[in-house]
Each structure stands twice: as structure tokens, then as C-alpha cells.
>>> print(open('input-v3.csv').read())   # CSV, C-alpha atoms and all ligand atoms
chain,number,residue,atom,x,y,z
A,1,MET,CA,-16.1,-3.9,4.5
A,2,ARG,CA,-19.2,-2.7,2.6
A,3,LEU,CA,-21.7,-5.5,1.9
A,4,ASP,CA,-21.7,-4.9,-1.9
A,5,ARG,CA,-17.9,-4.9,-2.0
A,6,LEU,CA,-17.8,-8.1,0.1
A,7,LEU,CA,-20.2,-9.9,-2.2
A,8,SER,CA,-18.4,-8.9,-5.4
A,9,HIS,CA,-15.1,-9.9,-3.8
A,10,LEU,CA,-16.6,-13.3,-3.2
A,11,GLN,CA,-17.5,-13.5,-6.9
A,12,TYR,CA,-21.3,-13.1,-6.6
A,13,GLY,CA,-21.3,-10.6,-9.4
A,14,THR,CA,-20.4,-7.1,-10.4
A,15,ARG,CA,-21.3,-4.3,-7.9
A,16,LYS,CA,-24.5,-3.7,-9.9
A,17,GLU,CA,-25.5,-7.4,-9.8
A,18,VAL,CA,-24.8,-7.8,-6.1
A,19,ARG,CA,-26.8,-4.7,-5.3
A,20,ARG,CA,-29.8,-6.3,-6.9
A,21,ILE,CA,-29.3,-9.4,-4.8
A,22,ILE,CA,-29.0,-7.2,-1.6
A,23,LYS,CA,-32.2,-5.2,-2.5
A,24,LYS,CA,-34.3,-8.4,-2.9
A,25,PRO,CA,-33.4,-8.9,0.1
A,26,ARG,CA,-31.5,-12.2,0.2
A,27,VAL,CA,-28.6,-11.4,2.5
A,28,MET,CA,-28.5,-11.6,6.3
A,29,VAL,CA,-25.8,-10.3,8.5
A,30,ASP,CA,-25.8,-11.8,12.0
A,31,GLY,CA,-29.3,-13.0,11.4
A,32,VAL,CA,-30.7,-9.6,10.2
A,33,LEU,CA,-31.9,-9.1,6.6
A,34,ILE,CA,-29.9,-6.2,5.1
A,35,ARG,CA,-31.1,-4.1,2.2
A,36,ASP,CA,-28.4,-1.5,2.3
A,37,PRO,CA,-25.5,-2.2,-0.1
A,38,GLY,CA,-23.3,0.2,1.9
A,39,PHE,CA,-23.8,-1.7,5.1
A,40,ASP,CA,-20.5,-2.0,6.9
A,41,VAL,CA,-20.0,-5.8,7.6
A,42,PRO,CA,-17.7,-6.6,10.6
A,43,SER,CA,-15.1,-9.2,9.7
A,44,THR,CA,-16.4,-11.4,12.4
A,45,ALA,CA,-20.1,-11.3,11.2
A,46,VAL,CA,-21.9,-14.3,9.9
A,47,VAL,CA,-23.1,-13.4,6.5
A,48,THR,CA,-25.7,-15.6,4.7
A,49,LEU,CA,-27.1,-15.6,1.2
A,50,ASP,CA,-30.4,-17.5,0.8
A,51,GLY,CA,-29.5,-19.1,4.1
A,52,GLN,CA,-26.1,-20.3,3.0
A,53,VAL,CA,-23.2,-19.1,5.1
A,54,LEU,CA,-20.5,-17.2,3.1
A,55,ASP,CA,-16.8,-17.6,3.8
A,56,GLN,CA,-15.6,-14.1,4.7
A,57,ASP,CA,-12.0,-15.3,5.0
A,58,LEU,CA,-10.8,-13.7,1.7
A,59,ALA,CA,-7.6,-12.1,0.8
A,60,VAL,CA,-7.7,-8.3,1.0
A,61,TYR,CA,-5.3,-5.9,-0.7
A,62,TYR,CA,-5.3,-2.2,0.3
A,63,LEU,CA,-3.3,0.7,-1.2
A,64,MET,CA,-2.8,3.3,1.6
A,65,ASN,CA,-1.5,6.8,1.5
A,66,LYS,CA,0.5,6.6,4.7
A,67,PRO,CA,0.5,9.8,6.7
A,68,ALA,CA,3.6,11.0,8.7
A,69,GLY,CA,3.7,10.1,12.4
A,70,VAL,CA,2.4,6.5,12.0
A,71,ILE,CA,4.5,3.4,12.4
A,72,THR,CA,4.7,0.8,9.6
A,73,ALA,CA,3.8,-2.2,11.8
A,74,THR,CA,0.8,-4.2,12.9
A,75,THR,CA,1.0,-3.2,16.6
A,76,ASP,CA,3.0,-0.8,18.7
A,77,ALA,CA,2.9,0.0,22.4
A,78,HIS,CA,3.2,3.8,21.9
A,79,ASP,CA,2.3,4.9,18.4
A,80,ARG,CA,-0.5,4.5,16.0
A,81,THR,CA,0.2,1.9,13.3
A,82,VAL,CA,-0.9,1.7,9.7
A,83,VAL,CA,-3.1,-1.2,10.6
A,84,ASP,CA,-4.9,1.1,13.2
A,85,LEU,CA,-5.9,3.3,10.2
A,86,ILE,CA,-7.8,0.4,8.6
A,87,ALA,CA,-11.5,0.4,9.6
A,88,GLU,CA,-12.6,-2.4,11.9
A,89,ALA,CA,-14.8,-3.9,9.2
A,90,ASP,CA,-12.0,-4.0,6.7
A,91,ARG,CA,-9.5,-5.7,8.9
A,92,ARG,CA,-8.7,-9.4,8.5
A,93,PRO,CA,-6.5,-11.7,10.6
A,94,GLY,CA,-2.9,-11.5,9.3
A,95,LEU,CA,-3.3,-8.1,7.7
A,96,TYR,CA,0.1,-6.5,7.5
A,97,PRO,CA,2.1,-3.8,5.6
A,98,VAL,CA,4.3,-5.1,2.8
A,99,GLY,CA,7.7,-3.5,3.3
A,100,ARG,CA,8.4,-0.6,5.5
A,101,LEU,CA,8.2,3.2,5.4
A,102,ASP,CA,9.8,5.3,8.2
A,103,LYS,CA,7.6,7.0,10.7
A,104,ASP,CA,8.1,10.3,9.0
A,105,THR,CA,7.8,9.0,5.4
A,106,THR,CA,4.5,9.4,3.6
A,107,GLY,CA,2.9,7.8,0.6
A,108,LEU,CA,2.2,4.5,-1.0
A,109,LEU,CA,2.0,1.5,1.2
A,110,LEU,CA,0.4,-1.9,0.3
A,111,LEU,CA,-1.3,-3.8,3.1
A,112,THR,CA,-2.6,-7.4,2.7
A,113,ASN,CA,-3.3,-10.6,4.5
A,114,ASP,CA,-1.9,-12.5,1.5
A,115,GLY,CA,1.4,-13.5,3.1
A,116,THR,CA,2.7,-15.3,0.0
A,117,LEU,CA,2.2,-12.2,-2.3
A,118,GLY,CA,3.8,-9.9,0.3
A,119,HIS,CA,6.7,-12.3,0.8
A,120,ASN,CA,7.3,-12.7,-3.0
A,121,LEU,CA,7.2,-9.0,-3.6
A,122,LEU,CA,10.0,-8.4,-1.1
A,123,ALA,CA,12.1,-11.4,-2.1
A,124,PRO,CA,15.8,-10.7,-2.6
A,125,GLY,CA,16.5,-10.5,-6.3
A,126,LYS,CA,12.9,-9.4,-7.1
A,127,HIS,CA,13.9,-5.7,-7.3
A,128,VAL,CA,10.4,-4.2,-7.7
A,129,PRO,CA,11.1,-0.6,-8.6
A,130,LYS,CA,10.0,2.0,-6.0
A,131,THR,CA,9.9,5.7,-6.7
A,132,TYR,CA,10.2,8.3,-4.0
A,133,GLU,CA,10.0,12.0,-4.0
A,134,ALA,CA,12.6,13.5,-1.7
A,135,THR,CA,12.7,17.1,-0.5
A,136,LEU,CA,16.3,18.0,0.0
A,137,LEU,CA,18.2,20.4,2.2
A,138,VAL,CA,20.4,21.7,-0.6
A,139,PRO,CA,19.9,21.5,-4.4
A,140,LEU,CA,21.0,18.3,-6.1
A,141,THR,CA,24.2,18.8,-8.1
A,142,PRO,CA,25.0,16.9,-11.3
A,143,GLU,CA,27.8,15.1,-9.3
A,144,MET,CA,25.3,13.9,-6.7
A,145,ALA,CA,23.0,12.7,-9.4
A,146,THR,CA,25.8,10.8,-11.1
A,147,GLN,CA,26.8,9.0,-7.9
A,148,LEU,CA,23.2,8.1,-7.1
A,149,ALA,CA,22.7,6.8,-10.7
A,150,GLN,CA,25.8,4.7,-10.6
A,151,GLY,CA,25.1,2.9,-7.3
A,152,ILE,CA,26.6,3.5,-3.9
A,153,ALA,CA,28.6,1.0,-1.8
A,154,PHE,CA,27.5,0.8,1.8
A,155,LYS,CA,28.9,-1.6,4.5
A,156,ASP,CA,25.8,-3.9,4.2
A,157,PHE,CA,25.0,-3.6,0.5
A,158,THR,CA,25.7,-1.7,-2.8
A,159,SER,CA,22.7,0.1,-4.2
A,160,GLN,CA,21.8,-0.7,-7.7
A,161,PRO,CA,21.9,2.1,-10.2
A,162,ALA,CA,19.0,4.4,-9.4
A,163,ARG,CA,16.9,6.6,-11.7
A,164,VAL,CA,17.2,10.2,-10.7
A,165,ALA,CA,14.9,13.0,-12.0
A,166,VAL,CA,14.8,16.6,-10.6
A,167,VAL,CA,11.2,17.9,-10.3
A,168,PRO,CA,10.9,20.9,-12.5
A,169,ASP,CA,10.6,24.4,-10.9
A,170,THR,CA,11.9,23.2,-7.5
A,171,ALA,CA,15.4,24.7,-7.7
A,172,ALA,CA,16.7,21.0,-7.7
A,173,LYS,CA,15.5,20.6,-4.2
A,174,ARG,CA,12.8,18.1,-5.0
A,175,VAL,CA,14.0,14.9,-6.7
A,176,ARG,CA,12.4,11.6,-7.8
A,177,LEU,CA,14.6,8.6,-7.1
A,178,THR,CA,13.7,5.1,-8.3
A,179,ILE,CA,15.4,2.2,-6.6
A,180,GLY,CA,15.1,-1.6,-6.8
A,181,GLU,CA,16.0,-2.5,-3.2
A,182,GLY,CA,14.3,-1.6,0.0
A,183,LYS,CA,17.0,-1.5,2.6
A,184,TYR,CA,16.6,0.2,6.0
A,185,HIS,CA,16.6,4.0,5.5
A,186,GLN,CA,18.0,3.5,2.1
A,187,VAL,CA,16.9,6.7,0.4
A,188,LYS,CA,18.0,8.9,3.3
A,189,ARG,CA,21.3,7.0,3.4
A,190,MET,CA,21.9,7.4,-0.3
A,191,PHE,CA,21.4,11.2,-0.2
A,192,LYS,CA,23.5,11.5,2.9
A,193,ARG,CA,26.3,9.7,1.3
A,194,VAL,CA,26.4,12.1,-1.6
A,195,GLY,CA,26.4,15.1,0.7
A,196,ASN,CA,22.8,16.0,1.0
A,197,GLU,CA,20.0,15.5,3.4
A,198,VAL,CA,16.4,14.4,3.0
A,199,LEU,CA,13.9,16.8,4.7
A,200,ALA,CA,10.8,14.9,3.6
A,201,LEU,CA,10.2,11.7,1.8
A,202,HIS,CA,7.1,10.5,-0.1
A,203,ARG,CA,6.6,7.2,-1.9
A,204,LEU,CA,4.9,7.6,-5.3
A,205,SER,CA,4.9,4.1,-6.7
A,206,MET,CA,5.8,0.5,-6.2
A,207,GLY,CA,6.0,-1.6,-9.3
A,208,PRO,CA,2.7,-1.1,-11.2
A,209,LEU,CA,1.0,0.6,-8.2
A,210,THR,CA,0.9,4.4,-8.2
A,211,LEU,CA,-0.5,6.8,-5.7
A,212,SER,CA,-3.1,9.2,-7.1
A,213,ALA,CA,-3.5,12.7,-5.8
A,214,THR,CA,-7.1,12.0,-4.8
A,215,LEU,CA,-6.2,9.5,-2.1
A,216,ALA,CA,-6.0,11.6,1.0
A,217,ALA,CA,-3.2,11.0,3.6
A,218,GLY,CA,-4.4,8.4,6.1
A,219,THR,CA,-6.9,6.8,3.7
A,220,TYR,CA,-6.8,3.7,1.7
A,221,ARG,CA,-8.7,1.8,-1.1
A,222,PRO,CA,-8.8,-1.8,-2.3
A,223,LEU,CA,-6.6,-2.6,-5.3
A,224,THR,CA,-8.5,-2.7,-8.6
A,225,GLU,CA,-8.7,-6.1,-10.3
A,226,ASP,CA,-6.2,-4.8,-12.9
A,227,GLU,CA,-3.7,-3.7,-10.2
A,228,LEU,CA,-4.0,-7.0,-8.4
A,229,ALA,CA,-3.4,-9.0,-11.6
A,230,ARG,CA,-0.4,-6.9,-12.4
A,231,ILE,CA,1.1,-7.1,-9.0
A,232,LYS,CA,0.5,-10.9,-8.9
A,233,ALA,CA,2.1,-11.3,-12.4
A,234,LEU,CA,5.2,-9.5,-10.9
A,235,THR,CA,5.7,-12.2,-8.3
A,236,LYS,CA,5.4,-15.2,-10.7
A,301,LIG,N1,14.1,5.0,2.3
A,301,LIG,C1,14.1,5.7,3.5
A,301,LIG,O1,15.1,6.2,3.8
A,301,LIG,N2,13.0,5.7,4.2
A,301,LIG,C2,11.8,5.2,3.9
A,301,LIG,O2,10.8,5.3,4.6
A,301,LIG,C3,11.8,4.5,2.6
A,301,LIG,C4,12.9,4.4,1.9
>>> encode(input="input-v3.csv", output="C-alpha cells")
Amino acid sequence: MRLDRLLSHLQYGTRKEVRRIIKKPRVMVDGVLIRDPGFDVPSTAVVTLDGQVLDQDLAVYYLMNKPAGVITATTDAHDRTVVDLIAEADRRPGLYPVGRLDKDTTGLLLLTNDGTLGHNLLAPGKHVPKTYEATLLVPLTPEMATQLAQGIAFKDFTSQPARVAVVPDTAAKRVRLTIGEGKYHQVKRMFKRVGNEVLALHRLSMGPLTLSATLAAGTYRPLTEDELARIKALTK
């Protein structure tokens, strides 16, 4: 993690204020005085301010634009995982993805080492809405839309009524679906059940978190304070 970001995470001031502290210089990383606010601090480094050791063991929250071909897991014997996409300096013990996107699904994924928050977000009955954009094999018909919107009974669960919106100018082949649950392959199963097939799936939002077009696939950013406050409020 960048040194200025680390210090402001640890409540030593705004980015501007902590940059002044760093420029003085008052901060050492592994015994070396650092003047560069952008210095990449390894998570294992000993960081001191005026000789006092800082506790780097803070909770981190990253919003990733997951690319296709990467597994939503912490480790995998064969494939790259979403945690492999996190820079060494930004990793923390216990960092894991909250919920699961299929290997070929792209889009918004939250990663954190805050197990309580992650657990509460996925708790049954929480029903945090998640919006996906599905590219379909055949156009969505009004009958398909009605079935999706009413809820579908599967062997293991019945999907809650979903919100369905066709993306304009896509000949009804791109559809936004908002669901409350997060069952295994849920969106693909729902479209299959109504006689369609998902060719590509991209998650656009989860509760108050939305993916912006500027976050490139395979990259991530920390949640803003406002996003963090809103996601924490959801789990209260
Ligand atoms: N539903 C699916 O079918 N796949 C995903 O990756 C997420 C939701």
C-alpha cells in the first residue's frame, strides 16, 4: 500500500496532511527514512513515525473489476485467483473475496480482511441487491421477463422476484437483472429455466457499491469512506 494511503488509513490525517508529515521526513520503513508519499510499503514492513512503531494490521476493503479467467478464491492449484491480482503491498492476512463470481463472470467484486463485514453481507435474509448485465443467446421475450420478475422455484431454493430491464438498442439480447440472493450459478440458472442462455455475465453493482467504467478489468481500488460507511450500515 502507498505510504500516504497507509498513514491516512491509520487516521494520521488527510492525504494532504500525511504528505506533509512524510516530506519532513518523520517516517521510516524498515529503518530507512522515506520522503516519497507514493512509496509502496510491504504489508510485513516495520513502519515508524517519530520512532513509534505503527500497527499496519488494519482492515482493507478493495473494489475489484474481476476479469474473466480468474477464480474467485484465495488460492488455487491451477488458476490465478482474484487475490493474486492484489499487489503484494496491498495484501493482508485474511484477505478474501466476499461472495463468488464464476470464472467466466466479470465485474464488481469486494475483497476484504474484515471477516465480520463479509459474513454479515452474505448472511441469509440480508438480501443485498446485486445487479448483473447478461448477454443472451436469444432476445428476452415478455414471457421470460415476467417469469424472472415473479421468481422461479428451483430444487434448492425459490428466487425472489427479480428486477428485469432490457438494455436499450441491444435487440433485447442484453438484460440487467437485479437479484437479492447469491446462489451458485443463480443468474445462469434463472435464464436457462426461462428458455434462454447467458453468453456473458458482468456484475455492475452490489448494494451501494457500483462499478465505474474507469476501473479497468483486473484492477481494484480501496472503497471510499462514504462507500465503506454505507456498506457497514447495510450490515447493522
Ligand atoms: N450468477 C451466475 O450464474 N454466475 C455468477 O458468477 C454470478 C451470479
>>> closest_residue(input="input-v3.csv", among="A:Asp169, A:Glu227, A:Glu143, A:Asp102", to="ligand LIG 301 (chain A)", atoms="only C-alpha atoms and all ligand atoms")
A:Asp102
>>> closest_residue(input="input-v3.csv", among="A:His78, A:Lys126, A:Arg221, A:Lys66", to="ligand LIG 301 (chain A)", atoms="all atoms listed in the file")
A:Lys66
>>> atom_distance(input="input-v3.csv", atom1="atom CA of A:Phe157", atom2="atom O1 of ligand LIG 301 (chain A)")
14.3 Å
>>> residues_near_ligand(input="input-v3.csv", ligand="ligand LIG 301 (chain A)", cutoff="10 Å", atoms="only C-alpha atoms and all ligand atoms", output="JSON, numbers by chain")
{"A": [72, 99, 100, 101, 102, 103, 104, 105, 106, 107, 130, 131, 132, 134, 179, 181, 182, 183, 184, 185, 186, 187, 188, 189, 190, 191, 192, 198, 200, 201, 202, 203]}
>>> atom_distance(input="input-v3.csv", atom1="atom CA of A:Val194", atom2="atom CA of A:Ala162")
13.2 Å
>>> atom_distance(input="input-v3.csv", atom1="atom CA of A:Gly31", atom2="atom CA of A:Leu3")
14.3 Å
>>> closest_residue(input="input-v3.csv", among="A:Pro142, A:Leu209, A:Gln147, A:Val53", to="A:Arg26", atoms="all atoms listed in the file")
A:Val53
>>> closest_residue(input="input-v3.csv", among="A:Leu111, A:Asp50, A:Thr135, A:Pro222", to="A:Leu6", atoms="only C-alpha atoms")
A:Pro222
>>> residues_around(input="input-v3.csv", residues="A:Val166", least_positions_apart="2", cutoff="9 Å", atoms="all atoms listed in the file", output="list in words")
Leu140, Val164, Pro168, Asp169, Thr170, Ala171, Ala172, Lys173, Arg174, Val175, Arg176 and Leu177 of chain A
>>> closest_residue(input="input-v3.csv", among="A:Ala73, A:Leu109, A:Ala87, A:Met1", to="A:Val47", atoms="all atoms listed in the file")
A:Met1
>>> closest_residue(input="input-v3.csv", among="A:Asp76, A:Glu197, A:Asp55, A:Asp226", to="A:Leu10", atoms="all atoms listed in the file")
A:Asp55
>>> residues_around(input="input-v3.csv", residues="A:Pro161", least_positions_apart="5", cutoff="9 Å", atoms="all atoms listed in the file", output="number ranges by chain")
A: 147-152, 178-180
>>> residues_around(input="input-v3.csv", residues="A:Ile86", least_positions_apart="3", cutoff="10 Å", atoms="all atoms listed in the file", output="VMD selection string")
chain A and resid 62 64 81 to 83 89 to 92 95 111 218 to 221
>>> residues_around(input="input-v3.csv", residues="A:Leu122", least_positions_apart="2", cutoff="12 Å", atoms="only C-alpha atoms", output="ChimeraX atom specification")
/A:97-100,110,115-120,124-130,180-183,206-207,231,234-235
